[in-house]
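Trainee: If it helps, the file is called run-v3.cif and holds mmCIF, C-alpha atoms:
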data_run
loop_
_atom_site.label_atom_id
_atom_site.label_comp_id
_atom_site.auth_asym_id
_atom_site.auth_seq_id
_atom_site.Cartn_x
_atom_site.Cartn_y
_atom_site.Cartn_z
CA MET A 1 0.00 0.00 0.00
CA GLY A 2 1.71 3.16 -1.18
CA ARG A 3 1.45 6.76 -0.11
CA ARG A 4 1.77 9.80 -2.34
CA LYS A 5 4.30 12.37 -1.12
CA ASN A 6 3.47 15.42 -3.22
CA SER A 7 0.50 16.88 -5.04
CA GLN A 8 0.77 16.57 -8.81
CA THR A 9 -0.36 18.52 -11.84
CA SER A 10 -2.94 16.92 -14.13
CA THR A 11 -4.66 18.02 -17.33
CA SER A 12 -8.10 17.09 -18.62
CA LEU A 13 -9.66 17.11 -22.08
CA ASN A 14 -11.62 20.23 -21.27
CA ASN A 15 -8.40 22.05 -20.28
CA THR A 16 -9.10 21.87 -16.55
CA GLN A 17 -5.67 22.11 -14.90
CA HIS A 18 -4.74 21.30 -11.31
CA GLN A 19 -1.68 23.36 -10.40
CA ALA A 20 1.00 22.09 -8.04
CA THR A 21 4.06 23.77 -6.57
CA LYS A 22 7.34 22.59 -8.07
CA VAL A 23 10.79 22.87 -6.54
CA CYS A 24 13.52 24.20 -8.86
CA PHE A 25 17.28 23.88 -8.44
CA ASP A 26 19.82 26.31 -9.90
CA ASP A 27 22.84 24.77 -11.65
CA ASP A 28 26.17 25.92 -10.20
CA ASP A 29 28.56 23.02 -10.57
CA GLU A 30 31.72 24.53 -9.08
CA GLU A 31 30.13 25.84 -5.90
CA GLU A 32 28.04 22.69 -5.52
CA ASN A 33 31.11 20.42 -5.86
CA ILE A 34 33.00 22.29 -3.13
CA ASN A 35 30.07 22.06 -0.75
CA LEU A 36 29.43 18.45 -1.69
CA ASP A 37 33.00 17.39 -0.78
CA ASP A 38 32.66 18.98 2.66
CA SER A 39 29.25 17.36 3.07
CA ILE A 40 30.58 13.90 2.21
CA VAL A 41 33.38 14.18 4.79
CA ALA A 42 30.94 15.37 7.47
CA THR A 43 28.48 12.63 6.62
CA GLU A 44 31.15 9.92 6.78
CA LYS A 45 32.24 11.17 10.21
CA ALA A 46 28.64 11.13 11.42
CA ILE A 47 28.12 7.60 10.14
CA ALA A 48 31.33 6.43 11.83
CA MET A 49 30.15 7.93 15.13
CA ASP A 50 26.77 6.23 14.73
CA ASP A 51 28.50 2.90 14.07
CA VAL A 52 30.46 3.22 17.32
CA THR A 53 27.29 4.03 19.25
CA MET A 54 25.31 1.20 17.68
CA SER A 55 28.05 -1.33 18.41
CA ASP A 56 28.45 -0.29 22.04
CA PRO A 57 26.55 -2.82 24.19
CA ASN A 58 26.39 -0.27 27.00
CA ALA A 59 24.86 2.46 24.87
CA PRO A 60 21.35 3.46 26.02
CA PHE A 61 18.49 2.11 23.92
CA VAL A 62 15.58 4.56 24.15
CA ASP A 63 12.75 2.31 23.10
CA GLY A 64 11.00 1.19 26.25
CA GLY A 65 12.83 -2.12 26.58
CA ASP A 66 11.43 -3.84 23.49
CA ASP A 67 14.81 -4.89 22.03
CA ASP A 68 13.78 -8.54 22.24
CA LYS A 69 10.82 -8.01 19.92
CA THR A 70 10.88 -9.95 16.65
CA SER A 71 9.58 -8.94 13.23
CA ALA A 72 6.64 -11.31 13.73
CA ASP A 73 5.47 -9.07 16.59
CA TYR A 74 5.78 -5.85 14.63
CA TYR A 75 2.48 -5.88 12.75
CA PHE A 76 0.32 -6.39 15.82
CA ASP A 77 2.36 -3.95 17.87
CA SER A 78 2.81 -1.23 15.26
CA TYR A 79 0.64 1.01 17.40
CA SER A 80 3.12 1.00 20.28
CA HIS A 81 4.95 4.10 19.06
CA PHE A 82 3.45 7.42 20.11
CA GLY A 83 3.89 8.88 16.62
CA ILE A 84 0.94 7.09 15.06
CA HIS A 85 -1.26 8.19 17.97
CA GLU A 86 -0.07 11.75 17.58
CA GLU A 87 -1.21 11.69 13.95
CA MET A 88 -4.64 10.36 14.91
CA LEU A 89 -5.11 12.71 17.88
CA LYS A 90 -4.19 15.70 15.70
CA ASP A 91 -6.77 14.60 13.13
CA ALA A 92 -9.36 17.14 14.29
CA VAL A 93 -12.13 15.72 12.09
CA ARG A 94 -11.73 12.32 13.75
CA THR A 95 -11.07 13.31 17.34
CA LYS A 96 -13.40 16.33 17.61
CA THR A 97 -16.26 14.30 16.12
CA TYR A 98 -15.90 11.65 18.82
CA GLN A 99 -15.57 14.35 21.47
CA ASN A 100 -18.72 16.12 20.25
CA VAL A 101 -20.66 12.85 20.04
CA ILE A 102 -19.81 12.10 23.67
CA PHE A 103 -20.04 15.57 25.22
CA GLN A 104 -23.19 16.61 23.34
CA ASN A 105 -24.94 13.35 24.21
CA LYS A 106 -24.03 12.88 27.85
CA PHE A 107 -27.45 11.31 28.46
CA LEU A 108 -26.18 8.23 26.60
CA PHE A 109 -23.15 7.85 28.89
CA LYS A 110 -24.43 8.97 32.29
CA ASP A 111 -23.92 6.10 34.79
CA LYS A 112 -23.28 3.61 31.97
CA VAL A 113 -20.56 0.95 31.67
CA VAL A 114 -18.49 1.54 28.53
CA LEU A 115 -16.06 -0.71 26.64
CA ASP A 116 -13.44 1.08 24.51
CA VAL A 117 -12.07 -1.39 21.93
CA GLY A 118 -8.58 -0.49 20.69
CA ALA A 119 -8.24 2.35 23.18
CA GLY A 120 -4.78 3.56 22.16
CA THR A 121 -3.82 6.49 24.41
CA GLY A 122 -7.24 6.29 26.05
CA ILE A 123 -8.62 9.54 24.63
CA LEU A 124 -12.12 8.14 23.97
CA SER A 125 -12.20 6.55 27.44
CA LEU A 126 -11.28 9.91 28.96
CA PHE A 127 -14.08 11.61 27.03
CA CYS A 128 -16.56 8.97 28.27
CA ALA A 129 -15.39 9.27 31.88
CA LYS A 130 -15.68 13.05 31.75
CA ALA A 131 -19.21 12.68 30.31
CA GLY A 132 -20.31 10.76 33.42
CA ALA A 133 -19.79 7.07 32.60
CA ALA A 134 -19.97 4.83 35.66
CA HIS A 135 -16.95 2.86 34.46
CA VAL A 136 -14.90 2.51 31.29
CA TYR A 137 -12.87 -0.55 30.32
CA ALA A 138 -10.15 0.52 27.88
CA VAL A 139 -8.75 -2.49 26.02
CA GLU A 140 -5.54 -2.04 24.02
CA CYS A 141 -3.24 -4.79 22.74
CA SER A 142 -0.13 -2.71 22.01
CA HIS A 143 2.43 -1.40 24.49
CA ILE A 144 0.85 2.06 24.31
CA ALA A 145 -1.52 0.60 26.92
CA ASN A 146 1.21 1.24 29.50
CA MET A 147 1.18 4.91 28.55
CA ALA A 148 -2.62 4.94 28.64
CA LYS A 149 -2.52 3.78 32.26
CA GLU A 150 -0.19 6.64 33.16
CA ILE A 151 -2.38 9.11 31.27
CA VAL A 152 -5.48 7.91 33.12
CA GLU A 153 -3.69 8.25 36.47
CA SER A 154 -2.25 11.68 35.61
CA ASN A 155 -5.73 12.99 34.81
CA GLY A 156 -7.37 11.59 37.94
CA PHE A 157 -9.60 8.97 36.35
CA SER A 158 -8.10 5.78 37.81
CA ASN A 159 -11.29 5.11 39.75
CA VAL A 160 -13.40 5.31 36.56
CA ILE A 161 -11.16 3.91 33.80
CA THR A 162 -9.55 0.47 33.86
CA VAL A 163 -6.91 -0.04 31.15
CA MET A 164 -6.53 -3.67 30.11
CA LYS A 165 -3.62 -4.75 27.91
CA GLY A 166 -4.36 -7.56 25.47
CA LYS A 167 -6.42 -8.54 22.45
CA ILE A 168 -10.15 -8.18 22.92
CA GLU A 169 -10.52 -11.82 21.92
CA ASP A 170 -8.17 -12.93 24.72
CA ILE A 171 -9.07 -10.79 27.71
CA GLU A 172 -11.90 -11.27 30.21
CA LEU A 173 -13.78 -8.26 31.54
CA PRO A 174 -14.59 -8.18 35.26
CA VAL A 175 -18.24 -7.50 34.34
CA ALA A 176 -20.75 -9.68 32.51
CA LYS A 177 -22.12 -6.95 30.23
CA VAL A 178 -21.49 -3.38 29.11
CA ASP A 179 -23.98 -0.73 28.01
CA ILE A 180 -21.91 0.94 25.29
CA ILE A 181 -19.09 -0.13 22.99
CA ILE A 182 -17.08 2.69 21.48
CA SER A 183 -14.19 2.25 19.07
CA GLU A 184 -12.23 4.02 16.38
CA TRP A 185 -11.76 0.86 14.33
CA MET A 186 -11.75 2.27 10.80
CA GLY A 187 -8.69 1.68 8.62
CA TYR A 188 -7.67 2.83 5.17
CA PHE A 189 -10.36 1.84 2.67
CA LEU A 190 -12.52 1.50 5.80
CA LEU A 191 -11.65 -2.19 6.30
CA PHE A 192 -7.84 -2.34 6.19
CA GLU A 193 -6.43 -3.99 9.35
CA ASN A 194 -9.77 -5.75 9.94
CA MET A 195 -10.28 -4.28 13.41
CA LEU A 196 -14.04 -4.26 12.81
CA ASN A 197 -14.18 -7.98 13.56
CA SER A 198 -12.82 -7.29 17.04
CA VAL A 199 -15.63 -4.81 17.64
CA LEU A 200 -18.19 -7.36 16.46
CA TYR A 201 -16.66 -9.98 18.76
CA ALA A 202 -16.93 -7.61 21.72
CA ARG A 203 -20.51 -6.71 20.77
CA ASP A 204 -21.62 -10.33 20.65
CA LYS A 205 -19.90 -11.23 23.92
CA TRP A 206 -20.48 -8.26 26.20
CA LEU A 207 -23.06 -5.77 24.89
CA VAL A 208 -26.46 -5.78 26.61
CA ASN A 209 -29.48 -6.42 24.40
CA ASP A 210 -30.44 -2.77 24.07
CA GLY A 211 -26.83 -1.57 24.10
CA ILE A 212 -25.22 0.98 21.79
CA VAL A 213 -22.27 0.66 19.41
CA LEU A 214 -20.50 3.91 18.46
CA PRO A 215 -20.20 4.56 15.59
CA ASP A 216 -23.02 2.36 14.35
CA LYS A 217 -23.00 3.01 10.59
CA ALA A 218 -20.18 3.04 8.01
CA SER A 219 -20.49 3.53 4.26
CA LEU A 220 -18.00 2.91 1.45
CA TYR A 221 -18.05 5.06 -1.72
CA LEU A 222 -16.41 4.95 -5.14
CA THR A 223 -15.63 7.58 -7.77
CA ALA A 224 -13.19 7.97 -10.70
CA ILE A 225 -10.49 10.57 -11.27
CA GLU A 226 -8.10 12.02 -13.83
CA ASP A 227 -4.53 11.58 -12.53
CA ALA A 228 -2.22 11.54 -15.55
CA GLU A 229 0.93 13.07 -14.13
CA TYR A 230 1.13 11.08 -10.93
CA LYS A 231 0.31 7.81 -12.68
CA GLU A 232 3.16 8.58 -15.08
CA ASP A 233 5.47 9.24 -12.15
CA LYS A 234 4.48 6.23 -10.04
CA ILE A 235 3.46 3.56 -12.54
CA GLU A 236 4.89 4.29 -15.98
CA PHE A 237 8.24 5.18 -14.41
CA TRP A 238 9.13 1.46 -14.32
CA ASN A 239 8.97 1.12 -18.11
CA ASN A 240 12.39 2.72 -18.51
CA VAL A 241 14.62 3.20 -15.46
CA TYR A 242 17.91 4.70 -16.64
CA GLY A 243 17.53 2.71 -19.83
CA PHE A 244 16.52 -0.57 -18.18
CA ASP A 245 13.20 -2.42 -18.36
CA MET A 246 11.73 -2.80 -14.86
CA THR A 247 8.13 -3.45 -15.85
CA CYS A 248 7.96 -6.43 -13.47
CA ILE A 249 7.82 -3.85 -10.65
CA LYS A 250 5.23 -1.85 -12.57
CA LYS A 251 2.84 -4.79 -12.32
CA GLN A 252 3.30 -4.88 -8.56
CA ALA A 253 2.90 -1.11 -8.24
CA MET A 254 -0.31 -1.23 -10.27
CA GLY A 255 -1.81 -3.78 -7.90
CA GLU A 256 -1.02 -1.88 -4.73
CA PRO A 257 -3.59 0.77 -3.76
CA LEU A 258 -2.26 4.22 -2.99
CA VAL A 259 -3.32 6.11 0.14
CA ASP A 260 -3.39 9.82 -0.62
CA THR A 261 -5.39 13.03 -0.56
CA VAL A 262 -7.14 13.55 -3.88
CA ASP A 263 -7.89 17.04 -5.23
CA GLN A 264 -11.65 17.32 -5.67
CA ASN A 265 -11.06 18.95 -9.07
CA GLN A 266 -9.71 15.61 -10.31
CA ILE A 267 -13.09 13.92 -9.85
CA VAL A 268 -14.60 13.06 -13.24
CA THR A 269 -17.73 11.06 -12.31
CA ASN A 270 -20.42 10.95 -9.69
CA CYS A 271 -19.63 9.37 -6.32
CA GLN A 272 -21.56 6.14 -5.75
CA LEU A 273 -22.43 4.43 -2.50
CA LEU A 274 -21.11 0.86 -2.63
CA LYS A 275 -21.88 -0.58 0.78
CA THR A 276 -23.39 0.49 4.10
CA MET A 277 -22.60 -1.50 7.23
CA ASP A 278 -24.79 -1.46 10.32
CA ILE A 279 -22.28 -2.22 13.06
CA SER A 280 -25.01 -3.01 15.57
CA LYS A 281 -26.47 -5.81 13.43
CA MET A 282 -23.90 -7.06 10.88
CA VAL A 283 -21.85 -10.25 11.20
CA SER A 284 -18.13 -10.68 10.51
CA GLY A 285 -18.79 -12.30 7.13
CA ASP A 286 -20.36 -9.05 5.90
CA THR A 287 -16.88 -7.60 5.43
CA SER A 288 -16.64 -9.78 2.32
CA PHE A 289 -18.90 -8.60 -0.49
CA THR A 290 -19.39 -7.97 -4.20
CA VAL A 291 -21.29 -4.86 -5.25
CA PRO A 292 -22.10 -3.32 -8.65
CA PHE A 293 -21.34 0.28 -9.59
CA LYS A 294 -22.23 2.74 -12.32
CA LEU A 295 -20.14 5.89 -12.53
CA VAL A 296 -21.44 8.57 -14.90
CA ALA A 297 -19.03 11.15 -16.31
CA GLU A 298 -19.78 14.74 -15.35
CA ARG A 299 -17.47 16.14 -18.04
CA ASP A 300 -15.31 15.04 -20.97
CA ASP A 301 -12.04 13.81 -19.51
CA TYR A 302 -9.60 10.94 -19.03
CA ILE A 303 -9.94 8.41 -16.22
CA HIS A 304 -6.76 6.96 -14.70
CA ALA A 305 -7.98 5.59 -11.40
CA PHE A 306 -10.85 4.72 -9.10
CA VAL A 307 -10.96 6.39 -5.69
CA ALA A 308 -12.61 4.86 -2.62
CA TYR A 309 -13.47 6.62 0.64
CA PHE A 310 -15.86 6.18 3.55
CA ASP A 311 -18.27 7.96 5.88
CA VAL A 312 -19.15 7.01 9.46
CA SER A 313 -22.32 7.93 11.35
CA PHE A 314 -23.47 8.04 14.96
CA THR A 315 -27.22 7.62 14.58
CA LYS A 316 -28.07 7.12 18.28
CA CYS A 317 -27.23 10.72 19.13
CA HIS A 318 -29.76 13.47 19.82
CA LYS A 319 -29.11 14.53 16.23
CA LEU A 320 -27.28 12.67 13.47
CA MET A 321 -23.51 13.11 13.72
CA GLY A 322 -20.54 11.76 11.78
CA PHE A 323 -17.84 12.62 9.27
CA SER A 324 -16.68 11.84 5.74
CA THR A 325 -13.22 11.00 4.43
CA GLY A 326 -14.18 11.97 0.87
CA PRO A 327 -12.15 14.29 -1.39
CA ARG A 328 -14.79 17.02 -1.08
CA SER A 329 -14.60 16.99 2.72
CA ARG A 330 -12.00 18.26 5.16
CA ALA A 331 -8.87 16.09 5.00
CA THR A 332 -8.34 13.30 7.55
CA HIS A 333 -5.43 10.96 8.27
CA TRP A 334 -7.34 8.25 6.35
CA LYS A 335 -7.10 10.35 3.16
CA GLN A 336 -8.55 8.37 0.20
CA THR A 337 -7.60 5.10 -1.50
CA VAL A 338 -6.52 5.34 -5.16
CA LEU A 339 -6.71 2.26 -7.39
CA TYR A 340 -4.96 2.82 -10.72
CA LEU A 341 -6.28 1.38 -13.97
CA GLU A 342 -4.15 -0.38 -16.55
CA ASP A 343 -6.14 1.44 -19.23
CA VAL A 344 -6.39 5.18 -19.73
CA LEU A 345 -10.09 5.68 -20.37
CA THR A 346 -11.36 8.54 -22.52
CA ILE A 347 -14.88 9.31 -21.35
CA CYS A 348 -17.45 11.85 -22.50
CA GLN A 349 -19.99 13.63 -20.36
CA GLY A 350 -22.98 11.43 -19.65
CA GLU A 351 -21.23 8.14 -20.50
CA ALA A 352 -21.22 5.41 -17.84
CA LEU A 353 -18.36 3.34 -16.50
CA ILE A 354 -20.02 0.20 -15.16
CA GLY A 355 -18.68 -2.75 -13.22
CA SER A 356 -18.41 -4.45 -9.87
CA MET A 357 -16.08 -4.47 -6.86
CA THR A 358 -15.29 -7.53 -4.76
CA VAL A 359 -13.74 -7.02 -1.32
CA ALA A 360 -12.51 -9.73 1.05
CA PRO A 361 -9.91 -10.18 3.81
CA ASN A 362 -6.75 -11.85 2.55
CA LYS A 363 -6.77 -15.58 3.33
CA LYS A 364 -3.18 -15.66 4.61
CA ASN A 365 -3.37 -12.40 6.56
CA PRO A 366 -6.97 -11.33 7.28
CA ARG A 367 -5.82 -7.86 8.27
CA ASP A 368 -4.91 -7.25 4.61
CA ILE A 369 -7.57 -6.75 1.93
CA ASP A 370 -7.98 -8.28 -1.52
CA ILE A 371 -9.91 -6.10 -3.99
CA THR A 372 -11.08 -7.11 -7.46
CA ILE A 373 -12.62 -4.58 -9.84
CA LYS A 374 -14.35 -5.49 -13.10
CA TYR A 375 -15.15 -2.52 -15.30
CA SER A 376 -16.28 -1.73 -18.83
CA LEU A 377 -16.81 1.41 -20.89
CA ASN A 378 -18.62 1.53 -24.20
CA GLY A 379 -18.19 5.15 -25.20
CA ARG A 380 -17.88 7.26 -28.32
CA ARG A 381 -14.12 7.68 -27.95
CA CYS A 382 -13.19 4.62 -25.93
CA VAL A 383 -14.28 1.00 -25.60
CA ALA A 384 -12.64 -1.01 -22.81
CA SER A 385 -13.29 -3.95 -20.53
CA ARG A 386 -10.95 -5.36 -17.89
CA THR A 387 -10.63 -7.11 -14.53
CA GLN A 388 -7.97 -5.87 -12.09
CA HIS A 389 -6.80 -7.27 -8.78
CA TYR A 390 -5.42 -5.20 -5.88
CA LYS A 391 -3.93 -6.04 -2.49
CA MET A 392 -3.84 -3.64 0.46
CA ARG A 393 -1.03 -4.70 2.76
#
Would you mind writing the file's structure down as structure tokens?
Mentor:
Amino acid sequence: MGRRKNSQTSTSLNNTQHQATKVCFDDDDEEENINLDDSIVATEKAIAMDDVTMSDPNAPFVDGGDDDKTSADYYFDSYSHFGIHEEMLKDAVRTKTYQNVIFQNKFLFKDKVVLDVGAGTGILSLFCAKAGAAHVYAVECSHIANMAKEIVESNGFSNVITVMKGKIEDIELPVAKVDIIISEWMGYFLLFENMLNSVLYARDKWLVNDGIVLPDKASLYLTAIEDAEYKEDKIEFWNNVYGFDMTCIKKQAMGEPLVDTVDQNQIVTNCQLLKTMDISKMVSGDTSFTVPFKLVAERDDYIHAFVAYFDVSFTKCHKLMGFSTGPRSRATHWKQTVLYLEDVLTICQGEALIGSMTVAPNKKNPRDIDITIKYSLNGRRCVASRTQHYKMR
């Protein structure tokens, strides 16, 4: 699963241009060579010093004592580092929505027992405690749970919040039932990392019959975009790399969805709802599905990629609340998911790109996602039909 680093310029048939800032470098060989020599010497010295430090068995290792962790542990413990939590906490769309849902609907939480699945730093548990919850059980499987315990203590909520380290499927709560389950389980493309199944497990095991799951609705959408320049830079680049054919990598790059923020001006078609999930009623098998789509062009343009995004809703609130991760909404850390096409489609206003999308957890690693898209276009300027396979990993 790739990530785009810079915005790109793209041009459509109707001369719509999306401008991007470019960095220019002045050529001054003599001055650059002098500085480069000094830089190389300094860099070599720095590397040598680093080598000494790294080889010193007595050198401090500022990591929290996890030097015995193997690569097999990494995936499940990738949330141990504070950096990923910083990114999510600073995502104001995400965090403020949860805060508003809780603080503006205190009647839901007053004197209730709450289960926070995948609690991270404990921010949602703190919101719930402050809103008047009788008790909150914050379950987190990564080592950030140790920090969450300190955070709870530092903020004076130790008597209300119990942090439990472990997978939700492995731990046992000290209560038979909870009134509310709250979780920020959504991944890229909504379902990447498959944390939703953990929420469903907790719901089936601990939620009272009339209990509440927050959020309780999630919807996946699809649209199509023009993205000529970036596709050239990311995909077509492998056709000729310093005179060598590296198209074997191109095939791999084509099948790996890209997580990035898409400029709304790149959107060529309507945005279609693919799937809505009711978290309070669905079963784990519902995360595998095949759905049809029909995307109608809103202008004459080229299509280089599909773009998927999601919305989440909290329908049990006093008034409907939620947020969207779409390209026409305020940016979030989820961004959007771009799936490049092997074809470059020329489409005219009013023409329809029809097809179907199949989504399923990967059989070897269910936290990854396999996506298959079948599409066809029978237009005035372009006729195409193809099936493409993607893997989010």
Trainee: Taking 6 positions as the minimum chain separation for residues in the same chain, which residues sit within 9 Å of range 286-300 of chain A when counting all atoms listed in the file? Answer as an MDAnalysis selection string.
Mentor: chainID A and resid 12:14 191 194 196:197 222:224 267:275 277 346:361 372 375
Trainee: I need the residue nearest Glu256 in chain A from this list: A:Asp311, A:Glu86, A:Asp301, A:Asp368. Use all atoms listed in the file for the distance.
Mentor: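 Answer, going by the shortest atom-to-atom distance: A:Asp368.
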Trainee: What is the distance, in Å and to one decimal place, between CA of Ala176 in chain A and CA of Met164 in chain A?
Mentor: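 Here the two named atoms are 15.6 Å from each other.
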Trainee: What is the distance between CA of Trp334 in chain A and CA of Met186 in chain A, in Å to one decimal?
Mentor: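 Distance reported for this atom pair: 8.7 Å.
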Trainee: With distances taken over all atoms listed in the file, which of A:Thr315, A:Asp216, A:Phe306, A:Leu320 is nearest to Ile373 in chain A?
Mentor: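 For Ile373 in chain A, the nearest of the given residues is A:Phe306.
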Trainee: Listing only residues of range 270-388 of chain A within 10 Å of range 201-207 of chain A, what is the closest atom pair and its distance in Å (to one decimal) for each, using only C-alpha atoms, sorted by chain and residue number ascending, as JSON lines?
Mentor:
{"residue": "A:Ile279", "atom": "CA", "partner": "A:Arg203", "partner_atom": "CA", "distance": 9.1}
{"residue": "A:Ser280", "atom": "CA", "partner": "A:Arg203", "partner_atom": "CA", "distance": 7.8}
{"residue": "A:Lys281", "atom": "CA", "partner": "A:Arg203", "partner_atom": "CA", "distance": 9.5}
{"residue": "A:Val283", "atom": "CA", "partner": "A:Tyr201", "partner_atom": "CA", "distance": 9.2}
{"residue": "A:Ser284", "atom": "CA", "partner": "A:Tyr201", "partner_atom": "CA", "distance": 8.4}
Trainee: The selected residues should be written to file as a PDB file, in the frame of the given file (atoms: C-alpha atoms).
Mentor:
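Below is the file that was written, part.pdb:
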ATOM      1  CA  ILE A 279     -22.280  -2.220  13.060  1.00  0.00           C
ATOM      2  CA  SER A 280     -25.010  -3.010  15.570  1.00  0.00           C
ATOM      3  CA  LYS A 281     -26.470  -5.810  13.430  1.00  0.00           C
ATOM      4  CA  VAL A 283     -21.850 -10.250  11.200  1.00  0.00           C
ATOM      5  CA  SER A 284     -18.130 -10.680  10.510  1.00  0.00           C
TER       6      SER A 284
END
Trainee: Would you list the contacts of Leu214 in chain A as a list in words, taking every protein, DNA or RNA residue within 8 Å and counting only C-alpha atoms, but skipping same-chain residues closer than 4 positions in sequence?
Mentor: Ile180, Ile181, Ile182, Ser183 and Phe314 of chain A
Trainee: Tell me which protein, DNA and RNA residues are within 10 Å of Val175 in chain A, counting all atoms listed in the file, leaving out same-chain ones fewer than 3 positions away, and put them as a PyMOL selection string.
Mentor: chain A and resi 113+137+172+178+206
Trainee: How many Å lie between CA of Asp170 in chain A and CA of Glu140 in chain A, rounded to one decimal?
Mentor: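 So the two atoms, CA of Asp170 in chain A and CA of Glu140 in chain A, lie 11.2 Å apart.
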Trainee: Tell me which of A:Ala138, A:Thr121, A:Arg328, A:Asp179 sits closest to Ile151 in chain A, counting all atoms listed in the file.
Mentor: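 Answer, going by the shortest atom-to-atom distance: A:Thr121.
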Trainee: Can you turn the PyMOL selection byres ((chain A and resi 127) around 12) into a concrete residue list for this file, as a ChimeraX atom specification?
Mentor: /A:95-106,109-110,114,116,119,121-126,128-133,135-136,138,152,155,157,160-161,182
Trainee: Can you write out the residues you just picked, keeping C-alpha atoms, as a CSV table (one decimal), keeping the file's coordinate frame?
Mentor:
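Okay, part09.csv is ready:
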chain,number,residue,atom,x,y,z
A,95,THR,CA,-11.1,13.3,17.3
A,96,LYS,CA,-13.4,16.3,17.6
A,97,THR,CA,-16.3,14.3,16.1
A,98,TYR,CA,-15.9,11.6,18.8
A,99,GLN,CA,-15.6,14.4,21.5
A,100,ASN,CA,-18.7,16.1,20.2
A,101,VAL,CA,-20.7,12.8,20.0
A,102,ILE,CA,-19.8,12.1,23.7
A,103,PHE,CA,-20.0,15.6,25.2
A,104,GLN,CA,-23.2,16.6,23.3
A,105,ASN,CA,-24.9,13.4,24.2
A,106,LYS,CA,-24.0,12.9,27.8
A,109,PHE,CA,-23.2,7.8,28.9
A,110,LYS,CA,-24.4,9.0,32.3
A,114,VAL,CA,-18.5,1.5,28.5
A,116,ASP,CA,-13.4,1.1,24.5
A,119,ALA,CA,-8.2,2.4,23.2
A,121,THR,CA,-3.8,6.5,24.4
A,122,GLY,CA,-7.2,6.3,26.0
A,123,ILE,CA,-8.6,9.5,24.6
A,124,LEU,CA,-12.1,8.1,24.0
A,125,SER,CA,-12.2,6.6,27.4
A,126,LEU,CA,-11.3,9.9,29.0
A,128,CYS,CA,-16.6,9.0,28.3
A,129,ALA,CA,-15.4,9.3,31.9
A,130,LYS,CA,-15.7,13.0,31.8
A,131,ALA,CA,-19.2,12.7,30.3
A,132,GLY,CA,-20.3,10.8,33.4
A,133,ALA,CA,-19.8,7.1,32.6
A,135,HIS,CA,-17.0,2.9,34.5
A,136,VAL,CA,-14.9,2.5,31.3
A,138,ALA,CA,-10.2,0.5,27.9
A,152,VAL,CA,-5.5,7.9,33.1
A,155,ASN,CA,-5.7,13.0,34.8
A,157,PHE,CA,-9.6,9.0,36.4
A,160,VAL,CA,-13.4,5.3,36.6
A,161,ILE,CA,-11.2,3.9,33.8
A,182,ILE,CA,-17.1,2.7,21.5
Trainee: Give the answer as one residue: which of A:Leu190, A:Ile212, A:Met246, A:Val241 has the shortest atom-to-atom distance to Gly326 in chain A, using only C-alpha atoms?
Mentor: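 Nearest to Gly326 in chain A: A:Leu190.
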Trainee: Nearest residue to Gly255 in chain A out of A:Thr325, A:Ser198, A:Ser142, A:Thr387, using all atoms listed in the file?
Mentor: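 Under the stated criterion, the closest residue is A:Thr387.
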Trainee: Determine, counting only C-alpha atoms, which protein, DNA and RNA residues have an atom within 9 Å of an atom of Pro327 in chain A; residues of the same chain fewer than 5 positions away are not included. Present the result as a VMD selection string.
Mentor: chain A and resid 261 to 264 267 309 335 to 336
Trainee: For this structure, which residues satisfy the selection - the PyMOL selection byres ((chain A and resi 141) around 10) - when it is evaluated on the file as given? I want them as a PyMOL selection string.
Mentor: chain A and resi 76-77+79-80+117-120+139-140+142-145+164-168+170-171
